[in-house]
Amino acid sequence: MLYLLTIAAAVLPFGLGCQPPSVDIGGDYCAAILHMSTGSWEVLENTCKAFGGHLAKVDNTDFLYYLIKHINDNGLTGHNYWVGGSDAAEEGTWVWMDGTPVKMGSPFWGYETAGGIQKPDQGDQGNCMILMEDYHFLAADHMCEDGNAGICGYD
Ligand SMILES: [Ca+2]
């Protein structure tokens with residue numbers, strides 16, 4: 001009995017930090033990487049809401065680093081992941097779900113090596129933010145209705 005209590009005391013502090021289905025991705029960050037889900041940006045946002053979160057607000061480079069590392073270290077590649085940025089309300093003005101501005105440029109947004117064009121570059125055709133495998137999981141603007149996986153955040 002004492003043995004079990006000792007194990008619980010040692011394990012629980014790490015488990016309690018992240019609300020399921022989110023997991024500890026390192027760096028004291030929690031996220032739910034929904035690699036098995038496929039849906040529009042809105043569908044994935046609703047899925048995240050059902051899980052008590054939102055599409056992730058990836059507004060600091062440390063969080064982005066641990067997200068990409070977790071995806072690569074856990075075989076979660078092969079998907080593109082919706083995150084919580086959008087410029088649907090006003091073209092060119094990217095905001096998170098809570099209305100705060102999305103940081104533009106490097107190191108958050110991906111770019112095409114040929115031509116060096118940095119995302120976002122799709123205008124009205126791309127109003128939802130996605131971490132694209134083609135850009136090593138840096139961000140791109142993408143057609144919101146396209147079916148993709150998503151990442152829920154709990155901040
Ligand atoms: Ca746009």
# chains A, B, ... in the order shown; residues from 1 in each chain; ligands from 1

$ residues_near_ligand --ligand "ligand 1" --cutoff "9 Å" --atoms "only C-alpha atoms and all ligand atoms" --output "PyMOL selection string"
chain A and resi 86-88+90-94+120-128+141-143

$ write_last_selection --atoms "N, CA and C atoms" --output "PDB file, in the first residue's frame"
ATOM      1  N   SER A  86      -6.749  33.129 -37.755  1.00  0.00           N
ATOM      2  CA  SER A  86      -7.650  33.327 -38.897  1.00  0.00           C
ATOM      3  C   SER A  86      -7.627  34.793 -39.340  1.00  0.00           C
ATOM      4  N   ASP A  87      -7.806  35.016 -40.641  1.00  0.00           N
ATOM      5  CA  ASP A  87      -8.027  36.379 -41.134  1.00  0.00           C
ATOM      6  C   ASP A  87      -9.345  36.436 -41.908  1.00  0.00           C
ATOM      7  N   ALA A  88     -10.279  35.581 -41.493  1.00  0.00           N
ATOM      8  CA  ALA A  88     -11.580  35.513 -42.160  1.00  0.00           C
ATOM      9  C   ALA A  88     -12.388  36.795 -41.950  1.00  0.00           C
ATOM     10  N   GLU A  90     -11.253  39.934 -41.438  1.00  0.00           N
ATOM     11  CA  GLU A  90     -10.684  41.041 -42.216  1.00  0.00           C
ATOM     12  C   GLU A  90      -9.445  40.536 -42.922  1.00  0.00           C
ATOM     13  N   GLU A  91      -9.513  40.448 -44.229  1.00  0.00           N
ATOM     14  CA  GLU A  91      -8.410  39.919 -45.007  1.00  0.00           C
ATOM     15  C   GLU A  91      -7.086  40.617 -44.648  1.00  0.00           C
ATOM     16  N   GLY A  92      -6.085  39.794 -44.312  1.00  0.00           N
ATOM     17  CA  GLY A  92      -4.762  40.330 -44.005  1.00  0.00           C
ATOM     18  C   GLY A  92      -4.541  40.653 -42.539  1.00  0.00           C
ATOM     19  N   THR A  93      -5.615  40.655 -41.748  1.00  0.00           N
ATOM     20  CA  THR A  93      -5.483  40.910 -40.309  1.00  0.00           C
ATOM     21  C   THR A  93      -5.692  39.602 -39.564  1.00  0.00           C
ATOM     22  N   TRP A  94      -4.595  38.990 -39.168  1.00  0.00           N
ATOM     23  CA  TRP A  94      -4.644  37.671 -38.541  1.00  0.00           C
ATOM     24  C   TRP A  94      -4.800  37.806 -37.040  1.00  0.00           C
ATOM     25  N   PRO A 120       1.676  34.419 -44.921  1.00  0.00           N
ATOM     26  CA  PRO A 120       0.556  34.038 -45.771  1.00  0.00           C
ATOM     27  C   PRO A 120       0.623  34.720 -47.137  1.00  0.00           C
ATOM     28  N   ASP A 121       0.185  34.017 -48.173  1.00  0.00           N
ATOM     29  CA  ASP A 121       0.230  34.600 -49.514  1.00  0.00           C
ATOM     30  C   ASP A 121      -0.982  34.204 -50.359  1.00  0.00           C
ATOM     31  N   GLN A 122      -2.008  33.649 -49.723  1.00  0.00           N
ATOM     32  CA  GLN A 122      -3.150  33.140 -50.487  1.00  0.00           C
ATOM     33  C   GLN A 122      -4.341  34.099 -50.549  1.00  0.00           C
ATOM     34  N   GLY A 123      -4.219  35.268 -49.943  1.00  0.00           N
ATOM     35  CA  GLY A 123      -5.314  36.244 -50.003  1.00  0.00           C
ATOM     36  C   GLY A 123      -6.631  35.670 -49.503  1.00  0.00           C
ATOM     37  N   ASP A 124      -7.697  35.930 -50.231  1.00  0.00           N
ATOM     38  CA  ASP A 124      -9.028  35.451 -49.845  1.00  0.00           C
ATOM     39  C   ASP A 124      -9.146  33.925 -49.895  1.00  0.00           C
ATOM     40  N   GLN A 125      -8.228  33.280 -50.576  1.00  0.00           N
ATOM     41  CA  GLN A 125      -8.293  31.821 -50.696  1.00  0.00           C
ATOM     42  C   GLN A 125      -7.742  31.111 -49.461  1.00  0.00           C
ATOM     43  N   GLY A 126      -7.039  31.843 -48.628  1.00  0.00           N
ATOM     44  CA  GLY A 126      -6.457  31.237 -47.424  1.00  0.00           C
ATOM     45  C   GLY A 126      -6.736  32.088 -46.214  1.00  0.00           C
ATOM     46  N   ASN A 127      -7.731  31.711 -45.419  1.00  0.00           N
ATOM     47  CA  ASN A 127      -8.109  32.528 -44.257  1.00  0.00           C
ATOM     48  C   ASN A 127      -7.948  31.788 -42.931  1.00  0.00           C
ATOM     49  N   CYS A 128      -7.389  30.582 -42.980  1.00  0.00           N
ATOM     50  CA  CYS A 128      -7.217  29.811 -41.754  1.00  0.00           C
ATOM     51  C   CYS A 128      -5.773  29.353 -41.636  1.00  0.00           C
ATOM     52  N   ASP A 141      -1.256  30.017 -44.636  1.00  0.00           N
ATOM     53  CA  ASP A 141      -2.680  30.326 -44.753  1.00  0.00           C
ATOM     54  C   ASP A 141      -3.286  29.335 -45.724  1.00  0.00           C
ATOM     55  N   HIS A 142      -4.412  28.777 -45.346  1.00  0.00           N
ATOM     56  CA  HIS A 142      -4.969  27.669 -46.107  1.00  0.00           C
ATOM     57  C   HIS A 142      -6.483  27.812 -46.205  1.00  0.00           C
ATOM     58  N   MET A 143      -7.050  27.173 -47.230  1.00  0.00           N
ATOM     59  CA  MET A 143      -8.496  27.188 -47.452  1.00  0.00           C
ATOM     60  C   MET A 143      -9.192  26.526 -46.256  1.00  0.00           C
TER      61      MET A 143
END

$ select_by_dssp --residues "chain A" --states "alpha helix (DSSP H)" --output "PyMOL selection string"
chain A and resi 2-15+41-50+61-73

$ write_last_selection --atoms "C-alpha atoms" --output "compact mmCIF listing (two decimals), in the first residue's frame"
# COMPACT_ATOMS: atom_id res chain seq x y z
CA LEU A 2 2.74 2.43 0.93
CA TYR A 3 4.48 1.39 -2.27
CA LEU A 4 1.41 2.29 -4.34
CA LEU A 5 1.00 5.63 -2.61
CA THR A 6 4.61 6.43 -3.28
CA ILE A 7 4.15 5.70 -6.96
CA ALA A 8 0.99 7.81 -7.09
CA ALA A 9 2.76 10.71 -5.40
CA ALA A 10 5.63 10.46 -7.85
CA VAL A 11 3.50 10.16 -11.00
CA LEU A 12 0.46 12.34 -10.33
CA PRO A 13 2.15 15.76 -10.33
CA PHE A 14 3.16 15.20 -13.94
CA GLY A 15 -0.21 13.81 -15.03
CA TRP A 41 -10.93 24.50 -39.56
CA GLU A 42 -14.42 25.04 -38.07
CA VAL A 43 -14.99 21.32 -37.51
CA LEU A 44 -11.65 20.96 -35.72
CA GLU A 45 -12.35 24.06 -33.62
CA ASN A 46 -15.66 22.51 -32.57
CA THR A 47 -13.86 19.26 -31.78
CA CYS A 48 -11.40 21.15 -29.60
CA LYS A 49 -14.28 22.96 -27.87
CA ALA A 50 -15.90 19.59 -27.13
CA THR A 61 8.39 30.26 -30.30
CA ASP A 62 9.01 28.00 -27.30
CA PHE A 63 5.51 26.46 -27.66
CA LEU A 64 6.03 26.11 -31.42
CA TYR A 65 9.37 24.39 -30.82
CA TYR A 66 7.86 21.80 -28.47
CA LEU A 67 4.85 21.24 -30.74
CA ILE A 68 7.05 20.49 -33.76
CA LYS A 69 9.41 18.37 -31.67
CA HIS A 70 6.46 16.38 -30.26
CA ILE A 71 5.02 15.81 -33.76
CA ASN A 72 8.36 14.61 -35.09
CA ASP A 73 9.34 12.53 -32.04

$ select_by_dssp --residues "range 11-148 of chain A" --states "strand (DSSP E or B)" --output "MDAnalysis selection string"
chainID A and resid 23:26 29:39 54:55 81:86 95 101 109 111 118 128:132 138:142 148

$ write_last_selection --atoms "C-alpha atoms" --output "PDB file, in the first residue's frame"
ATOM      1  CA  VAL A  23      -0.716  15.666 -23.159  1.00  0.00           C
ATOM      2  CA  ASP A  24       2.520  17.108 -21.841  1.00  0.00           C
ATOM      3  CA  ILE A  25       4.496  17.941 -24.978  1.00  0.00           C
ATOM      4  CA  GLY A  26       7.518  19.205 -23.051  1.00  0.00           C
ATOM      5  CA  TYR A  29       3.084  22.913 -22.439  1.00  0.00           C
ATOM      6  CA  CYS A  30      -0.114  20.925 -22.914  1.00  0.00           C
ATOM      7  CA  ALA A  31      -1.684  20.243 -26.298  1.00  0.00           C
ATOM      8  CA  ALA A  32      -3.949  17.684 -27.937  1.00  0.00           C
ATOM      9  CA  ILE A  33      -2.537  16.647 -31.305  1.00  0.00           C
ATOM     10  CA  LEU A  34      -5.606  15.325 -33.136  1.00  0.00           C
ATOM     11  CA  HIS A  35      -3.708  13.509 -35.889  1.00  0.00           C
ATOM     12  CA  MET A  36      -6.543  11.008 -36.470  1.00  0.00           C
ATOM     13  CA  SER A  37      -9.139  13.747 -37.059  1.00  0.00           C
ATOM     14  CA  THR A  38      -9.868  15.252 -40.460  1.00  0.00           C
ATOM     15  CA  GLY A  39     -12.120  18.219 -40.977  1.00  0.00           C
ATOM     16  CA  HIS A  54      -9.717  25.696 -28.664  1.00  0.00           C
ATOM     17  CA  LEU A  55      -7.537  25.335 -31.710  1.00  0.00           C
ATOM     18  CA  TYR A  81      -2.536  20.707 -38.443  1.00  0.00           C
ATOM     19  CA  TRP A  82      -5.072  23.503 -38.051  1.00  0.00           C
ATOM     20  CA  VAL A  83      -4.226  26.008 -35.331  1.00  0.00           C
ATOM     21  CA  GLY A  84      -6.270  28.929 -34.031  1.00  0.00           C
ATOM     22  CA  GLY A  85      -5.288  31.850 -36.306  1.00  0.00           C
ATOM     23  CA  SER A  86      -7.650  33.327 -38.897  1.00  0.00           C
ATOM     24  CA  VAL A  95      -6.070  37.152 -35.082  1.00  0.00           C
ATOM     25  CA  PRO A 101      -3.040  39.604 -33.099  1.00  0.00           C
ATOM     26  CA  TRP A 109       5.334  31.475 -40.887  1.00  0.00           C
ATOM     27  CA  TYR A 111       8.038  30.050 -46.869  1.00  0.00           C
ATOM     28  CA  GLN A 118       6.683  33.803 -47.117  1.00  0.00           C
ATOM     29  CA  CYS A 128      -7.217  29.811 -41.754  1.00  0.00           C
ATOM     30  CA  MET A 129      -3.857  29.095 -40.135  1.00  0.00           C
ATOM     31  CA  ILE A 130      -2.306  25.671 -40.473  1.00  0.00           C
ATOM     32  CA  LEU A 131       1.020  24.083 -39.543  1.00  0.00           C
ATOM     33  CA  MET A 132       2.123  22.559 -42.845  1.00  0.00           C
ATOM     34  CA  LEU A 138       5.677  26.284 -39.798  1.00  0.00           C
ATOM     35  CA  ALA A 139       2.464  28.174 -40.495  1.00  0.00           C
ATOM     36  CA  ALA A 140       0.653  28.811 -43.757  1.00  0.00           C
ATOM     37  CA  ASP A 141      -2.680  30.326 -44.753  1.00  0.00           C
ATOM     38  CA  HIS A 142      -4.969  27.669 -46.107  1.00  0.00           C
ATOM     39  CA  ASN A 148      -7.008  18.462 -42.063  1.00  0.00           C
TER      40      ASN A 148
END

$ atom_distance --atom1 "CA of Asp28 in chain A" --atom2 "CA of Lys103 in chain A"
21.7 Å

$ atom_distance --atom1 "CA of Met97 in chain A" --atom2 "CA of Phe51 in chain A"
15.8 Å

$ atom_distance --atom1 "CA of Tyr135 in chain A" --atom2 "CA of Gly147 in chain A"
17.9 Å

$ residues_around --residues "Gly52 in chain A" --least-positions-apart "6" --cutoff "10 Å" --atoms "only C-alpha atoms" --output "PyMOL selection string"
chain A and resi 19-22+46+152-154

$ write_last_selection --atoms "C-alpha atoms" --output "compact mmCIF listing (two decimals), in the first residue's frame"
# COMPACT_ATOMS: atom_id res chain seq x y z
CA GLN A 19 -6.37 18.22 -19.19
CA PRO A 20 -7.14 15.09 -21.24
CA PRO A 21 -7.02 14.54 -24.14
CA SER A 22 -4.13 17.01 -24.09
CA ASN A 46 -15.66 22.51 -32.57
CA CYS A 152 -6.08 21.90 -29.48
CA GLY A 153 -4.61 24.22 -26.88
CA TYR A 154 -5.70 24.81 -23.30

$ decode --residues "range 49-138 of chain A" --atoms "C-alpha atoms" --output "PDB file, in the first residue's frame"
ATOM      1  CA  LYS A  49     -14.283  22.955 -27.868  1.00  0.00           C
ATOM      2  CA  ALA A  50     -15.904  19.594 -27.131  1.00  0.00           C
ATOM      3  CA  PHE A  51     -12.624  18.671 -25.446  1.00  0.00           C
ATOM      4  CA  GLY A  52     -12.660  21.853 -23.365  1.00  0.00           C
ATOM      5  CA  GLY A  53     -10.127  23.835 -25.394  1.00  0.00           C
ATOM      6  CA  HIS A  54      -9.717  25.696 -28.664  1.00  0.00           C
ATOM      7  CA  LEU A  55      -7.537  25.335 -31.710  1.00  0.00           C
ATOM      8  CA  ALA A  56      -4.103  26.131 -30.331  1.00  0.00           C
ATOM      9  CA  LYS A  57      -2.808  29.687 -29.954  1.00  0.00           C
ATOM     10  CA  VAL A  58       0.779  29.255 -31.126  1.00  0.00           C
ATOM     11  CA  ASP A  59       2.011  32.701 -30.225  1.00  0.00           C
ATOM     12  CA  ASN A  60       5.401  31.973 -28.750  1.00  0.00           C
ATOM     13  CA  THR A  61       8.389  30.263 -30.305  1.00  0.00           C
ATOM     14  CA  ASP A  62       9.006  28.000 -27.303  1.00  0.00           C
ATOM     15  CA  PHE A  63       5.509  26.461 -27.660  1.00  0.00           C
ATOM     16  CA  LEU A  64       6.033  26.113 -31.420  1.00  0.00           C
ATOM     17  CA  TYR A  65       9.373  24.388 -30.820  1.00  0.00           C
ATOM     18  CA  TYR A  66       7.860  21.796 -28.465  1.00  0.00           C
ATOM     19  CA  LEU A  67       4.853  21.243 -30.737  1.00  0.00           C
ATOM     20  CA  ILE A  68       7.054  20.491 -33.764  1.00  0.00           C
ATOM     21  CA  LYS A  69       9.408  18.370 -31.668  1.00  0.00           C
ATOM     22  CA  HIS A  70       6.460  16.376 -30.260  1.00  0.00           C
ATOM     23  CA  ILE A  71       5.022  15.813 -33.758  1.00  0.00           C
ATOM     24  CA  ASN A  72       8.364  14.605 -35.087  1.00  0.00           C
ATOM     25  CA  ASP A  73       9.343  12.525 -32.038  1.00  0.00           C
ATOM     26  CA  ASN A  74       5.997  10.707 -31.847  1.00  0.00           C
ATOM     27  CA  GLY A  75       5.382   9.726 -35.456  1.00  0.00           C
ATOM     28  CA  LEU A  76       2.637  12.327 -35.903  1.00  0.00           C
ATOM     29  CA  THR A  77       4.002  13.521 -39.234  1.00  0.00           C
ATOM     30  CA  GLY A  78       2.076  12.935 -42.466  1.00  0.00           C
ATOM     31  CA  HIS A  79      -0.605  15.481 -41.549  1.00  0.00           C
ATOM     32  CA  ASN A  80      -1.147  19.210 -41.654  1.00  0.00           C
ATOM     33  CA  TYR A  81      -2.536  20.707 -38.443  1.00  0.00           C
ATOM     34  CA  TRP A  82      -5.072  23.503 -38.051  1.00  0.00           C
ATOM     35  CA  VAL A  83      -4.226  26.008 -35.331  1.00  0.00           C
ATOM     36  CA  GLY A  84      -6.270  28.929 -34.031  1.00  0.00           C
ATOM     37  CA  GLY A  85      -5.288  31.850 -36.306  1.00  0.00           C
ATOM     38  CA  SER A  86      -7.650  33.327 -38.897  1.00  0.00           C
ATOM     39  CA  ASP A  87      -8.027  36.379 -41.134  1.00  0.00           C
ATOM     40  CA  ALA A  88     -11.580  35.513 -42.160  1.00  0.00           C
ATOM     41  CA  ALA A  89     -13.068  38.606 -40.473  1.00  0.00           C
ATOM     42  CA  GLU A  90     -10.684  41.041 -42.216  1.00  0.00           C
ATOM     43  CA  GLU A  91      -8.410  39.919 -45.007  1.00  0.00           C
ATOM     44  CA  GLY A  92      -4.762  40.330 -44.005  1.00  0.00           C
ATOM     45  CA  THR A  93      -5.483  40.910 -40.309  1.00  0.00           C
ATOM     46  CA  TRP A  94      -4.644  37.671 -38.541  1.00  0.00           C
ATOM     47  CA  VAL A  95      -6.070  37.152 -35.082  1.00  0.00           C
ATOM     48  CA  TRP A  96      -6.338  34.318 -32.584  1.00  0.00           C
ATOM     49  CA  MET A  97      -9.679  33.092 -31.276  1.00  0.00           C
ATOM     50  CA  ASP A  98      -9.404  35.540 -28.333  1.00  0.00           C
ATOM     51  CA  GLY A  99      -8.968  38.493 -30.703  1.00  0.00           C
ATOM     52  CA  THR A 100      -5.254  39.068 -30.031  1.00  0.00           C
ATOM     53  CA  PRO A 101      -3.040  39.604 -33.099  1.00  0.00           C
ATOM     54  CA  VAL A 102      -1.069  36.763 -34.674  1.00  0.00           C
ATOM     55  CA  LYS A 103       2.636  37.532 -34.962  1.00  0.00           C
ATOM     56  CA  MET A 104       3.634  37.690 -38.618  1.00  0.00           C
ATOM     57  CA  GLY A 105       6.897  36.754 -40.343  1.00  0.00           C
ATOM     58  CA  SER A 106       9.710  34.559 -39.045  1.00  0.00           C
ATOM     59  CA  PRO A 107      10.022  32.264 -37.290  1.00  0.00           C
ATOM     60  CA  PHE A 108       6.292  31.434 -37.194  1.00  0.00           C
ATOM     61  CA  TRP A 109       5.334  31.475 -40.887  1.00  0.00           C
ATOM     62  CA  GLY A 110       6.705  29.100 -43.497  1.00  0.00           C
ATOM     63  CA  TYR A 111       8.038  30.050 -46.869  1.00  0.00           C
ATOM     64  CA  GLU A 112       8.608  28.518 -50.243  1.00  0.00           C
ATOM     65  CA  THR A 113      12.300  28.023 -50.906  1.00  0.00           C
ATOM     66  CA  ALA A 114      11.774  28.690 -54.606  1.00  0.00           C
ATOM     67  CA  GLY A 115      11.095  32.392 -54.861  1.00  0.00           C
ATOM     68  CA  GLY A 116      11.353  32.936 -51.126  1.00  0.00           C
ATOM     69  CA  ILE A 117       7.680  33.876 -50.768  1.00  0.00           C
ATOM     70  CA  GLN A 118       6.683  33.803 -47.117  1.00  0.00           C
ATOM     71  CA  LYS A 119       3.229  32.813 -45.961  1.00  0.00           C
ATOM     72  CA  PRO A 120       0.556  34.038 -45.771  1.00  0.00           C
ATOM     73  CA  ASP A 121       0.230  34.600 -49.514  1.00  0.00           C
ATOM     74  CA  GLN A 122      -3.150  33.140 -50.487  1.00  0.00           C
ATOM     75  CA  GLY A 123      -5.314  36.244 -50.003  1.00  0.00           C
ATOM     76  CA  ASP A 124      -9.028  35.451 -49.845  1.00  0.00           C
ATOM     77  CA  GLN A 125      -8.293  31.821 -50.696  1.00  0.00           C
ATOM     78  CA  GLY A 126      -6.457  31.237 -47.424  1.00  0.00           C
ATOM     79  CA  ASN A 127      -8.109  32.528 -44.257  1.00  0.00           C
ATOM     80  CA  CYS A 128      -7.217  29.811 -41.754  1.00  0.00           C
ATOM     81  CA  MET A 129      -3.857  29.095 -40.135  1.00  0.00           C
ATOM     82  CA  ILE A 130      -2.306  25.671 -40.473  1.00  0.00           C
ATOM     83  CA  LEU A 131       1.020  24.083 -39.543  1.00  0.00           C
ATOM     84  CA  MET A 132       2.123  22.559 -42.845  1.00  0.00           C
ATOM     85  CA  GLU A 133       4.344  19.536 -43.110  1.00  0.00           C
ATOM     86  CA  ASP A 134       5.712  20.950 -46.395  1.00  0.00           C
ATOM     87  CA  TYR A 135       7.149  23.842 -44.377  1.00  0.00           C
ATOM     88  CA  HIS A 136       8.447  21.651 -41.544  1.00  0.00           C
ATOM     89  CA  PHE A 137       5.304  22.542 -39.568  1.00  0.00           C
ATOM     90  CA  LEU A 138       5.677  26.284 -39.798  1.00  0.00           C
TER      91      LEU A 138
END
